[in-house]
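Text of input_14.tsv, listed as TSV, C-alpha atoms:
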```
chain	number	residue	atom	x	y	z
A	1	MET	CA	-0.78	-9.09	16.92
A	2	PHE	CA	-4.08	-7.66	18.09
A	3	HIS	CA	-5.97	-8.52	21.26
A	4	GLN	CA	-9.69	-8.50	21.92
A	5	GLY	CA	-10.78	-4.96	22.70
A	6	ASP	CA	-7.89	-3.18	20.97
A	7	CYS	CA	-8.82	0.19	19.48
A	8	VAL	CA	-7.98	0.93	15.84
A	9	GLY	CA	-8.13	4.31	14.13
A	10	ILE	CA	-9.98	4.81	10.83
A	11	VAL	CA	-8.81	7.78	8.71
A	12	ALA	CA	-9.15	9.18	5.18
A	13	SER	CA	-5.90	10.96	4.31
A	14	SER	CA	-6.53	11.13	0.57
A	15	ASN	CA	-9.82	11.95	-1.20
A	16	GLY	CA	-12.82	11.99	1.11
A	17	LEU	CA	-15.26	9.15	0.76
A	18	LYS	CA	-18.58	9.85	-0.95
A	19	LYS	CA	-21.68	10.07	1.20
A	20	GLU	CA	-23.11	6.95	-0.43
A	21	GLN	CA	-20.16	4.99	0.97
A	22	GLU	CA	-21.34	5.63	4.50
A	23	LYS	CA	-23.20	2.30	4.56
A	24	GLU	CA	-20.01	0.45	3.65
A	25	VAL	CA	-18.08	2.24	6.40
A	26	GLU	CA	-20.77	1.28	8.91
A	27	GLN	CA	-20.47	-2.32	7.72
A	28	LEU	CA	-16.72	-2.15	8.20
A	29	LYS	CA	-17.11	-0.77	11.72
A	30	SER	CA	-19.50	-3.61	12.54
A	31	ARG	CA	-17.17	-6.22	11.02
A	32	LEU	CA	-14.17	-4.97	12.98
A	33	PHE	CA	-16.21	-4.85	16.17
A	34	HIS	CA	-17.38	-8.44	15.74
A	35	MET	CA	-13.79	-9.49	15.10
A	36	GLY	CA	-12.87	-8.07	18.51
A	37	LEU	CA	-11.57	-4.60	17.59
A	38	VAL	CA	-12.96	-1.20	18.53
A	39	PRO	CA	-12.96	1.14	15.50
A	40	VAL	CA	-12.54	4.87	16.16
A	41	LEU	CA	-13.29	7.16	13.21
A	42	SER	CA	-11.49	10.43	12.57
A	43	PRO	CA	-13.61	13.58	12.06
A	44	HIS	CA	-12.72	13.96	8.37
A	45	ILE	CA	-13.89	10.89	6.46
A	46	TYR	CA	-16.52	12.09	3.98
A	47	GLN	CA	-16.33	14.70	1.23
A	48	ARG	CA	-17.33	18.20	2.34
A	49	CYS	CA	-16.01	20.49	-0.39
A	50	SER	CA	-15.37	18.93	-3.79
A	51	ILE	CA	-13.33	15.76	-3.11
A	52	PHE	CA	-11.92	17.05	0.17
A	53	SER	CA	-13.00	15.82	3.61
A	54	GLY	CA	-10.91	18.59	5.16
A	55	ASN	CA	-7.83	20.59	4.37
A	56	ALA	CA	-4.35	19.09	4.50
A	57	LYS	CA	-3.62	20.29	8.03
A	58	GLU	CA	-6.92	18.93	9.35
A	59	ARG	CA	-6.39	15.52	7.81
A	60	ALA	CA	-2.78	15.43	9.02
A	61	GLU	CA	-3.93	16.29	12.53
A	62	ASP	CA	-6.46	13.44	12.39
A	63	LEU	CA	-3.65	11.05	11.55
A	64	MET	CA	-1.28	12.45	14.17
A	65	GLN	CA	-3.96	12.24	16.87
A	66	PHE	CA	-4.14	8.50	16.31
A	67	PHE	CA	-0.35	8.16	16.33
A	68	LYS	CA	-0.28	10.04	19.65
A	69	GLU	CA	-3.24	8.28	21.28
A	70	LYS	CA	-1.86	5.40	23.34
A	71	LYS	CA	-5.04	3.35	23.23
A	72	ILE	CA	-4.95	3.17	19.40
A	73	ARG	CA	-3.17	-0.03	18.40
A	74	ALA	CA	-3.19	0.45	14.63
A	75	ILE	CA	-4.40	2.92	12.00
A	76	PHE	CA	-6.32	1.94	8.87
A	77	ASP	CA	-6.66	4.47	6.08
A	78	ILE	CA	-9.78	3.70	4.03
A	79	SER	CA	-9.30	6.33	1.31
A	80	GLY	CA	-7.62	6.56	-2.05
A	81	GLY	CA	-7.43	9.05	-4.89
A	82	ASP	CA	-4.95	11.86	-5.40
A	83	VAL	CA	-4.27	14.15	-2.46
A	84	ALA	CA	-2.57	12.13	0.29
A	85	ASN	CA	0.78	13.76	-0.49
A	86	GLU	CA	-0.61	17.05	0.89
A	87	LEU	CA	-0.10	15.61	4.38
A	88	LEU	CA	3.60	14.75	4.13
A	89	GLU	CA	4.94	18.13	5.24
A	90	TYR	CA	2.55	18.35	8.20
A	91	LEU	CA	3.37	15.04	9.88
A	92	ASP	CA	5.54	14.74	13.01
A	93	TYR	CA	7.87	11.90	12.08
A	94	LYS	CA	9.56	11.78	15.45
A	95	THR	CA	6.21	11.11	17.12
A	96	ILE	CA	5.33	8.54	14.46
A	97	ARG	CA	8.64	6.73	14.96
A	98	GLU	CA	8.24	6.63	18.72
A	99	SER	CA	4.64	5.38	18.50
A	100	GLU	CA	5.60	2.27	16.47
A	101	LYS	CA	1.95	1.90	15.45
A	102	LEU	CA	0.89	-0.21	12.49
A	103	PHE	CA	-0.28	1.98	9.59
A	104	PHE	CA	-2.30	0.48	6.71
A	105	GLY	CA	-3.42	1.98	3.41
A	106	TYR	CA	-3.26	1.38	-0.31
A	107	SER	CA	-3.25	3.09	-3.71
A	108	ASP	CA	-2.69	6.84	-3.14
A	109	LEU	CA	-1.58	6.05	0.41
A	110	THR	CA	1.60	4.77	-1.23
A	111	VAL	CA	2.96	8.29	-0.70
A	112	LEU	CA	2.46	8.11	3.08
A	113	LEU	CA	3.57	4.49	3.39
A	114	ASN	CA	6.89	5.24	1.70
A	115	GLY	CA	7.27	8.71	3.18
A	116	ILE	CA	6.84	7.38	6.69
A	117	TYR	CA	9.25	4.53	6.02
A	118	GLN	CA	11.84	6.93	4.58
A	119	LYS	CA	11.56	9.36	7.50
A	120	THR	CA	11.25	6.86	10.37
A	121	GLY	CA	12.51	3.45	9.25
A	122	LEU	CA	9.21	1.92	10.37
A	123	CYS	CA	7.45	-0.74	8.33
A	124	THR	CA	4.13	0.30	6.80
A	125	TYR	CA	1.41	-1.88	5.32
A	126	LEU	CA	-0.04	-1.78	1.81
A	127	TYR	CA	-3.58	-3.03	2.44
A	128	GLN	CA	-7.16	-1.77	2.10
A	129	VAL	CA	-9.17	-2.84	5.15
A	130	ARG	CA	-12.46	-2.11	3.37
A	131	ASN	CA	-11.88	-5.41	1.56
A	132	LEU	CA	-13.23	-7.03	4.73
A	133	VAL	CA	-16.72	-6.04	3.52
A	134	LYS	CA	-16.27	-6.56	-0.23
A	135	ASP	CA	-17.12	-9.57	-2.38
A	136	GLN	CA	-14.06	-11.53	-1.16
A	137	GLU	CA	-14.85	-10.84	2.49
A	138	ASN	CA	-14.81	-14.46	3.65
A	139	GLY	CA	-11.23	-15.08	2.57
A	140	GLN	CA	-10.16	-11.65	3.77
A	141	LYS	CA	-11.70	-12.13	7.19
A	142	LYS	CA	-10.10	-15.55	7.58
A	143	ARG	CA	-6.62	-14.29	6.66
A	144	PHE	CA	-7.04	-11.17	8.81
A	145	MET	CA	-7.98	-13.21	11.88
A	146	GLU	CA	-5.24	-15.79	11.32
A	147	THR	CA	-2.60	-13.10	10.92
A	148	PHE	CA	-3.54	-10.56	13.57
A	149	PHE	CA	-5.16	-12.71	16.26
A	150	ASP	CA	-3.85	-16.26	15.83
A	151	GLY	CA	-0.16	-15.63	15.17
A	152	GLY	CA	-0.29	-16.72	11.54
A	153	SER	CA	0.91	-14.96	8.39
A	154	SER	CA	-1.60	-15.85	5.67
A	155	LEU	CA	-2.43	-12.21	4.92
A	156	TYR	CA	1.23	-11.70	3.94
A	157	GLU	CA	1.72	-14.96	2.03
A	158	THR	CA	2.06	-14.39	-1.70
A	159	SER	CA	2.85	-16.60	-4.70
A	160	TRP	CA	5.35	-15.18	-7.19
A	161	LYS	CA	6.14	-16.16	-10.78
A	162	PHE	CA	9.60	-15.20	-12.03
A	163	ILE	CA	9.79	-13.38	-15.36
A	164	GLN	CA	13.58	-13.23	-15.28
A	165	GLY	CA	16.11	-14.32	-12.69
A	166	GLU	CA	15.64	-16.83	-9.91
A	167	ARG	CA	16.03	-14.97	-6.61
A	168	ILE	CA	15.08	-11.58	-5.16
A	169	GLU	CA	16.24	-10.44	-1.75
A	170	GLY	CA	16.19	-7.11	0.07
A	171	ILE	CA	14.08	-4.50	1.82
A	172	ALA	CA	10.87	-3.68	-0.03
A	173	VAL	CA	9.66	-0.23	-1.06
A	174	GLY	CA	7.06	0.95	-3.56
A	175	GLY	CA	3.35	0.45	-4.11
A	176	ASN	CA	1.10	2.08	-6.68
A	177	ILE	CA	3.42	3.25	-9.46
A	178	ARG	CA	1.59	6.51	-10.24
A	179	CYS	CA	1.54	7.52	-6.61
A	180	PHE	CA	5.09	6.32	-5.88
A	181	LEU	CA	6.35	8.67	-8.59
A	182	LYS	CA	4.73	11.65	-6.85
A	183	LEU	CA	7.57	11.34	-4.33
A	184	ALA	CA	10.29	11.75	-6.98
A	185	GLY	CA	12.47	14.75	-6.21
A	186	THR	CA	11.09	15.14	-2.68
A	187	PRO	CA	12.66	14.28	0.70
A	188	TYR	CA	10.05	11.53	1.05
A	189	PHE	CA	11.23	9.38	-1.87
A	190	PRO	CA	12.85	6.30	-0.33
A	191	ASP	CA	16.49	5.49	-0.88
A	192	VAL	CA	16.17	2.65	-3.39
A	193	THR	CA	19.79	1.50	-3.14
A	194	ASP	CA	19.82	-2.30	-2.77
A	195	LYS	CA	16.04	-2.30	-2.26
A	196	VAL	CA	13.39	-4.49	-3.87
A	197	LEU	CA	10.90	-2.34	-5.78
A	198	PHE	CA	7.25	-3.42	-5.72
A	199	LEU	CA	4.85	-1.79	-8.21
A	200	GLU	CA	1.18	-2.16	-9.11
A	201	SER	CA	-1.52	-0.08	-10.79
A	202	PHE	CA	-5.27	0.16	-11.13
A	203	GLY	CA	-5.70	2.38	-14.20
A	204	GLY	CA	-3.43	3.10	-17.11
A	205	GLU	CA	-2.79	1.31	-20.37
A	206	GLU	CA	0.51	0.64	-22.10
A	207	GLY	CA	1.21	4.28	-22.94
A	208	VAL	CA	0.84	5.41	-19.34
A	209	MET	CA	2.82	2.46	-18.00
A	210	THR	CA	5.56	3.10	-20.55
A	211	ALA	CA	5.82	6.69	-19.32
A	212	PHE	CA	5.97	5.65	-15.66
A	213	PHE	CA	8.56	2.89	-16.08
A	214	THR	CA	10.63	5.08	-18.38
A	215	GLN	CA	10.70	7.78	-15.71
A	216	LEU	CA	11.99	5.25	-13.18
A	217	ARG	CA	14.70	4.18	-15.65
A	218	GLN	CA	15.71	7.79	-16.30
A	219	MET	CA	15.93	8.36	-12.54
A	220	GLY	CA	18.50	5.55	-12.40
A	221	VAL	CA	16.28	3.40	-10.17
A	222	PHE	CA	16.83	0.14	-12.04
A	223	GLU	CA	20.60	0.45	-11.67
A	224	LYS	CA	20.32	0.64	-7.88
A	225	ILE	CA	17.72	-1.97	-6.89
A	226	GLN	CA	18.02	-5.70	-6.24
A	227	GLY	CA	14.89	-6.65	-8.14
A	228	ILE	CA	11.37	-5.73	-9.26
A	229	LEU	CA	8.14	-7.21	-7.97
A	230	LEU	CA	4.99	-6.60	-10.00
A	231	GLY	CA	1.50	-6.79	-8.55
A	232	THR	CA	-1.69	-6.55	-10.56
A	233	PHE	CA	-2.03	-3.93	-13.29
A	234	THR	CA	-5.80	-4.03	-13.35
A	235	LYS	CA	-6.76	-2.13	-16.48
A	236	MET	CA	-4.05	-3.59	-18.69
A	237	GLN	CA	-4.78	-7.12	-17.54
A	238	GLN	CA	-8.57	-6.84	-17.79
A	239	GLU	CA	-8.43	-5.41	-21.29
A	240	LYS	CA	-5.85	-7.98	-22.43
A	241	ARG	CA	-3.73	-5.42	-24.26
A	242	ALA	CA	-1.58	-6.44	-27.22
A	243	ILE	CA	1.52	-6.04	-25.06
A	244	SER	CA	1.52	-7.48	-21.54
A	245	ILE	CA	2.80	-5.61	-18.52
A	246	GLU	CA	5.51	-8.25	-18.13
A	247	THR	CA	6.80	-7.75	-21.68
A	248	LEU	CA	6.58	-3.98	-21.37
A	249	VAL	CA	8.59	-3.92	-18.15
A	250	GLN	CA	11.30	-6.22	-19.49
A	251	LYS	CA	11.67	-4.06	-22.59
A	252	ILE	CA	11.91	-0.75	-20.70
A	253	VAL	CA	14.12	-2.02	-17.87
A	254	ASP	CA	16.46	-3.61	-20.43
A	255	HIS	CA	18.50	-5.24	-17.69
A	256	PRO	CA	18.55	-9.06	-18.17
A	257	SER	CA	20.40	-9.68	-14.91
A	258	LEU	CA	17.83	-7.80	-12.78
A	259	PRO	CA	15.36	-10.30	-11.30
A	260	ILE	CA	11.67	-9.61	-11.96
A	261	ALA	CA	8.73	-11.52	-10.51
A	262	LYS	CA	4.96	-11.07	-10.61
A	263	THR	CA	1.98	-11.92	-8.44
A	264	GLU	CA	-1.79	-11.74	-8.93
A	265	GLN	CA	-2.34	-11.44	-5.17
A	266	ILE	CA	-1.34	-7.82	-4.43
A	267	GLY	CA	-2.92	-4.72	-5.91
A	268	HIS	CA	-6.40	-3.22	-6.20
A	269	GLY	CA	-8.32	-6.51	-6.23
A	270	THR	CA	-10.75	-7.19	-3.40
A	271	ASP	CA	-8.83	-10.43	-2.73
A	272	ALA	CA	-5.48	-8.60	-2.36
A	273	ARG	CA	-3.03	-9.66	0.33
A	274	CYS	CA	-1.03	-7.24	2.47
A	275	PHE	CA	2.46	-6.16	1.35
A	276	ILE	CA	4.90	-4.72	3.89
A	277	ILE	CA	6.94	-1.65	2.99
A	278	GLY	CA	10.30	-1.56	4.78
A	279	SER	CA	10.48	-5.28	5.51
A	280	TRP	CA	13.14	-7.72	4.39
A	281	LEU	CA	11.91	-10.31	1.94
A	282	GLN	CA	13.47	-13.23	0.14
A	283	ILE	CA	11.83	-14.86	-2.88
A	284	GLN	CA	13.19	-17.92	-4.63
A	285	LYS	CA	12.08	-19.37	-7.94
A	286	LYS	CA	10.36	-22.69	-7.40
A	287	THR	CA	11.92	-25.66	-9.10
A	288	THR	CA	9.66	-28.25	-10.70
```
Could I get this structure in the form of structure tokens?
Amino acid sequence: MFHQGDCVGIVASSNGLKKEQEKEVEQLKSRLFHMGLVPVLSPHIYQRCSIFSGNAKERAEDLMQFFKEKKIRAIFDISGGDVANELLEYLDYKTIRESEKLFFGYSDLTVLLNGIYQKTGLCTYLYQVRNLVKDQENGQKKRFMETFFDGGSSLYETSWKFIQGERIEGIAVGGNIRCFLKLAGTPYFPDVTDKVLFLESFGGEEGVMTAFFTQLRQMGVFEKIQGILLGTFTKMQQEKRAISIETLVQKIVDHPSLPIAKTEQIGHGTDARCFIIGSWLQIQKKTT
């Protein structure tokens, strides 16, 4: 829960934002301010050299400063791209754990969301706060206010359709599939034993998705988890490929007893809800 006047940190841990996005960031600052929050921007938001807003240590220090600063109630990462995993080795996980701050990000921030959960046990939040000033801003603002100021939960409420099985229960990990797989073989890859694995993607057609899901199978992930949750797979769904993501996943997983469910409400869409990494969830197939 937030209170009027709470300070929130704004960072860009992955690719720096382009200069032309400055207007959108100013709109976001204004929106947050009018909702009762005080946004505080880190020094490294916009691209300075190629796609970088700063080097890995500088961006990690930005993030750590907000985790250390007592007046900062939550941290929203507004970036995406490719290079967030540079920060993992420079973060102070003991300080992060003790701070218990809410940390939000999406897409490439999957690496930090899961890395922080794995190293600290803290929940992290798969959500892009810039959606508050996108084309679905009215619904986003309403759910944001209900959830963080009024004690509701609408930003977390998601409808699921079961592809196989009838019930999924466990602690959730995952996020963007491409970025999640960057953690494979590192100390930051979460222990997936008895977990629920959530996956989504923006780009990538059936060949790319086949490669990613096959890698997860070859890592033995599907033998350890309690179920799979699928978000939106934007490119595949928009282009209406000959094979659907649901069919592709069932074929590769090849595990009829493993529950799989899908939603259209979490992913890269501007209407996306927030998904909590490290939280316990329970999903039951609705009976008609």
Expected answer as a ChimeraX atom specification: all residues with atoms within 10 Å of (3.3, 6.9, 2.1), only C-alpha atoms: /A:84-85,87-88,103-118,124-126,174-175,179-180,183,188-190,277
Neighbour residues at most 10 Å from (-10.2, -13.7, 18.1) (only C-alpha atoms) as a short mmCIF file (atom, residue, chain, number, x, y, z; two decimals) with C-alpha atoms, in the frame of the given file:
```cif
data_model
loop_
_atom_site.label_atom_id
_atom_site.label_comp_id
_atom_site.auth_asym_id
_atom_site.auth_seq_id
_atom_site.Cartn_x
_atom_site.Cartn_y
_atom_site.Cartn_z
CA PHE A 2 -4.08 -7.66 18.09
CA HIS A 3 -5.97 -8.52 21.26
CA GLN A 4 -9.69 -8.50 21.92
CA GLY A 5 -10.78 -4.96 22.70
CA HIS A 34 -17.38 -8.44 15.74
CA MET A 35 -13.79 -9.49 15.10
CA GLY A 36 -12.87 -8.07 18.51
CA LEU A 37 -11.57 -4.60 17.59
CA MET A 145 -7.98 -13.21 11.88
CA GLU A 146 -5.24 -15.79 11.32
CA PHE A 148 -3.54 -10.56 13.57
CA PHE A 149 -5.16 -12.71 16.26
CA ASP A 150 -3.85 -16.26 15.83
#
```
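Considering only C-alpha atoms, the residue among A:Gly54, A:Gly9, A:Gly139, A:Gly81 positioned nearest to Val40 of chain A is A:Gly9.
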Shell around Leu199 of chain A at 8 Å using only C-alpha atoms, local window under 5 positions removed, as a ChimeraX atom specification: /A:174-177,228-231
Minimum-distance residue to Val129 of chain A, chosen among A:Ser14, A:Gln47, A:Ser79, A:Gln282 (using only C-alpha atoms): A:Ser79
Atomic distance atom CA of Ala172 of chain A - atom CA of Val196 of chain A, expressed in Å with one decimal: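 Result for atom CA of Ala172 of chain A versus atom CA of Val196 of chain A: 4.7 Å, one decimal.
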Is it possible to get the axis-aligned box enclosing segment 24-39 of chain A (all listed atoms, 6 Å extra per side) as JSON, with centre and edge lengths in Å rounded to one decimal?
```
{"center_x": -16.2, "center_y": -3.6, "center_z": 11.1, "size_x": 21.2, "size_y": 23.7, "size_z": 26.9}
```
Tell me, as a ChimeraX atom specification, which residues lie within 9 Å of Thr193 of chain A, counting all atoms listed in the file; anything in the same chain fewer than 4 positions away does not count. /A:221,223-226
What is the distance between atom CA of Tyr46 of chain A and atom CA of Cys274 of chain A, in Å to one decimal? 24.8 Å
Which residue gives the smallest distance to Phe76 of chain A among A:Arg130, A:His268, A:Lys23, A:Lys94, with only C-alpha atoms counted?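 Of all the options, A:Arg130 lies closest to Phe76 of chain A.
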Restricting the calculation to all atoms listed in the file, which member of A:Glu169, A:Asp135, A:Glu157, A:Glu98 is positioned closest to Ile266 of chain A? A:Glu157
Please report the interatomic distance between atom CA of Asp62 of chain A and atom CA of Arg273 of chain A in Å with one decimal.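 Between atom CA of Asp62 of chain A and atom CA of Arg273 of chain A the gap works out to 26.3 Å.
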For Val253 of chain A, work out the shell of residues within 9 Å, counting only C-alpha atoms and skipping chain neighbours fewer than 6 positions away, then give it as a compact mmCIF listing (two decimals) with C-alpha atoms, in the coordinates of the input.
```
# COMPACT_ATOMS: atom_id res chain seq x y z
CA PHE A 213 8.56 2.89 -16.08
CA THR A 214 10.63 5.08 -18.38
CA LEU A 216 11.99 5.25 -13.18
CA ARG A 217 14.70 4.18 -15.65
CA PHE A 222 16.83 0.14 -12.04
```
So, with all atoms listed in the file as the atoms that count, which of A:Lys134, A:Lys18, A:Lys161, A:Arg143 lies closest to His44 of chain A? A:Lys18
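Shortest separation to Cys123 of chain A among A:Lys57, A:Arg48, A:Lys195, A:Arg97 occurs at residue A:Arg97, atoms counted being all atoms listed in the file.
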So which residues touch Gly185 of chain A within 12 Å, counting only C-alpha atoms, skipping near sequence neighbours fewer than 6 positions away, as a PDB file with C-alpha atoms, in the coordinates of the input?
```pdb
ATOM      1  CA  ASP A 191      16.490   5.490  -0.880  1.00  0.00           C
ATOM      2  CA  GLN A 215      10.700   7.780 -15.710  1.00  0.00           C
ATOM      3  CA  LEU A 216      11.990   5.250 -13.180  1.00  0.00           C
ATOM      4  CA  MET A 219      15.930   8.360 -12.540  1.00  0.00           C
TER       5      MET A 219
END
```
Give me the residues near Gln136 of chain A as a list in words, where near means some atom within 10 Å (using only C-alpha atoms) and where sequence neighbours in that chain fewer than 2 positions away do not count.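 Close residues of Gln136 of chain A: Asn131, Leu132, Val133, Lys134, Asn138, Gly139, Gln140, Lys141, Gly269, Thr270, Asp271 and Ala272 of chain A.
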Reconstruct N, CA and C atoms of segment 199-228 of chain A from the incomplete input and present them as an mmCIF file, keeping the file's coordinate frame.
```
data_model
loop_
_atom_site.group_PDB
_atom_site.id
_atom_site.type_symbol
_atom_site.label_atom_id
_atom_site.label_comp_id
_atom_site.auth_asym_id
_atom_site.auth_seq_id
_atom_site.Cartn_x
_atom_site.Cartn_y
_atom_site.Cartn_z
ATOM 1 N N LEU A 199 5.695 -2.733 -7.478
ATOM 2 C CA LEU A 199 4.850 -1.790 -8.210
ATOM 3 C C LEU A 199 3.565 -2.459 -8.662
ATOM 4 N N GLU A 200 2.471 -1.703 -8.602
ATOM 5 C CA GLU A 200 1.180 -2.160 -9.110
ATOM 6 C C GLU A 200 0.420 -0.952 -9.624
ATOM 7 N N SER A 201 -0.720 -1.193 -10.293
ATOM 8 C CA SER A 201 -1.520 -0.080 -10.790
ATOM 9 C C SER A 201 -2.950 -0.525 -11.003
ATOM 10 N N PHE A 202 -3.867 0.416 -10.819
ATOM 11 C CA PHE A 202 -5.270 0.160 -11.130
ATOM 12 C C PHE A 202 -5.572 0.584 -12.566
ATOM 13 N N GLY A 203 -5.436 1.872 -12.859
ATOM 14 C CA GLY A 203 -5.700 2.380 -14.200
ATOM 15 C C GLY A 203 -4.416 2.490 -15.007
ATOM 16 N N GLY A 204 -4.585 2.865 -16.260
ATOM 17 C CA GLY A 204 -3.430 3.100 -17.110
ATOM 18 C C GLY A 204 -3.149 1.967 -18.075
ATOM 19 N N GLU A 205 -3.108 2.291 -19.352
ATOM 20 C CA GLU A 205 -2.790 1.310 -20.370
ATOM 21 C C GLU A 205 -1.311 1.388 -20.715
ATOM 22 N N GLU A 206 -0.919 0.796 -21.836
ATOM 23 C CA GLU A 206 0.510 0.640 -22.100
ATOM 24 C C GLU A 206 1.246 1.966 -22.279
ATOM 25 N N GLY A 207 0.560 2.986 -22.788
ATOM 26 C CA GLY A 207 1.210 4.280 -22.940
ATOM 27 C C GLY A 207 1.559 4.902 -21.598
ATOM 28 N N VAL A 208 0.611 4.864 -20.677
ATOM 29 C CA VAL A 208 0.840 5.410 -19.340
ATOM 30 C C VAL A 208 1.913 4.616 -18.613
ATOM 31 N N MET A 209 1.833 3.298 -18.685
ATOM 32 C CA MET A 209 2.820 2.460 -18.000
ATOM 33 C C MET A 209 4.217 2.653 -18.606
ATOM 34 N N THR A 210 4.273 2.831 -19.913
ATOM 35 C CA THR A 210 5.560 3.100 -20.550
ATOM 36 C C THR A 210 6.159 4.392 -20.002
ATOM 37 N N ALA A 211 5.334 5.423 -19.861
ATOM 38 C CA ALA A 211 5.820 6.690 -19.320
ATOM 39 C C ALA A 211 6.335 6.540 -17.901
ATOM 40 N N PHE A 212 5.586 5.817 -17.067
ATOM 41 C CA PHE A 212 5.970 5.650 -15.660
ATOM 42 C C PHE A 212 7.270 4.851 -15.529
ATOM 43 N N PHE A 213 7.360 3.719 -16.208
ATOM 44 C CA PHE A 213 8.560 2.890 -16.080
ATOM 45 C C PHE A 213 9.777 3.570 -16.724
ATOM 46 N N THR A 214 9.534 4.334 -17.781
ATOM 47 C CA THR A 214 10.630 5.080 -18.380
ATOM 48 C C THR A 214 11.157 6.146 -17.424
ATOM 49 N N GLN A 215 10.265 6.798 -16.697
ATOM 50 C CA GLN A 215 10.700 7.780 -15.710
ATOM 51 C C GLN A 215 11.579 7.127 -14.650
ATOM 52 N N LEU A 216 11.179 5.965 -14.172
ATOM 53 C CA LEU A 216 11.990 5.250 -13.180
ATOM 54 C C LEU A 216 13.371 4.909 -13.750
ATOM 55 N N ARG A 217 13.399 4.495 -15.020
ATOM 56 C CA ARG A 217 14.700 4.180 -15.650
ATOM 57 C C ARG A 217 15.564 5.427 -15.745
ATOM 58 N N GLN A 218 14.956 6.545 -16.138
ATOM 59 C CA GLN A 218 15.710 7.790 -16.300
ATOM 60 C C GLN A 218 16.160 8.364 -14.960
ATOM 61 N N MET A 219 15.499 7.972 -13.884
ATOM 62 C CA MET A 219 15.930 8.360 -12.540
ATOM 63 C C MET A 219 17.085 7.486 -12.041
ATOM 64 N N GLY A 220 17.425 6.456 -12.791
ATOM 65 C CA GLY A 220 18.500 5.550 -12.400
ATOM 66 C C GLY A 220 18.091 4.507 -11.389
ATOM 67 N N VAL A 221 16.770 4.323 -11.197
ATOM 68 C CA VAL A 221 16.280 3.400 -10.170
ATOM 69 C C VAL A 221 16.687 1.962 -10.466
ATOM 70 N N PHE A 222 16.582 1.546 -11.717
ATOM 71 C CA PHE A 222 16.830 0.140 -12.040
ATOM 72 C C PHE A 222 18.290 -0.256 -11.902
ATOM 73 N N GLU A 223 19.171 0.730 -11.874
ATOM 74 C CA GLU A 223 20.600 0.450 -11.670
ATOM 75 C C GLU A 223 20.945 0.281 -10.190
ATOM 76 N N LYS A 224 20.041 0.660 -9.315
ATOM 77 C CA LYS A 224 20.320 0.640 -7.880
ATOM 78 C C LYS A 224 19.650 -0.518 -7.142
ATOM 79 N N ILE A 225 18.532 -1.014 -7.648
ATOM 80 C CA ILE A 225 17.720 -1.970 -6.890
ATOM 81 C C ILE A 225 18.194 -3.410 -7.085
ATOM 82 N N GLN A 226 17.692 -4.280 -6.207
ATOM 83 C CA GLN A 226 18.020 -5.700 -6.240
ATOM 84 C C GLN A 226 17.038 -6.506 -7.084
ATOM 85 N N GLY A 227 15.879 -5.926 -7.359
ATOM 86 C CA GLY A 227 14.890 -6.650 -8.140
ATOM 87 C C GLY A 227 13.579 -5.886 -8.191
ATOM 88 N N ILE A 228 12.689 -6.342 -9.078
ATOM 89 C CA ILE A 228 11.370 -5.730 -9.260
ATOM 90 C C ILE A 228 10.299 -6.783 -8.981
#
```
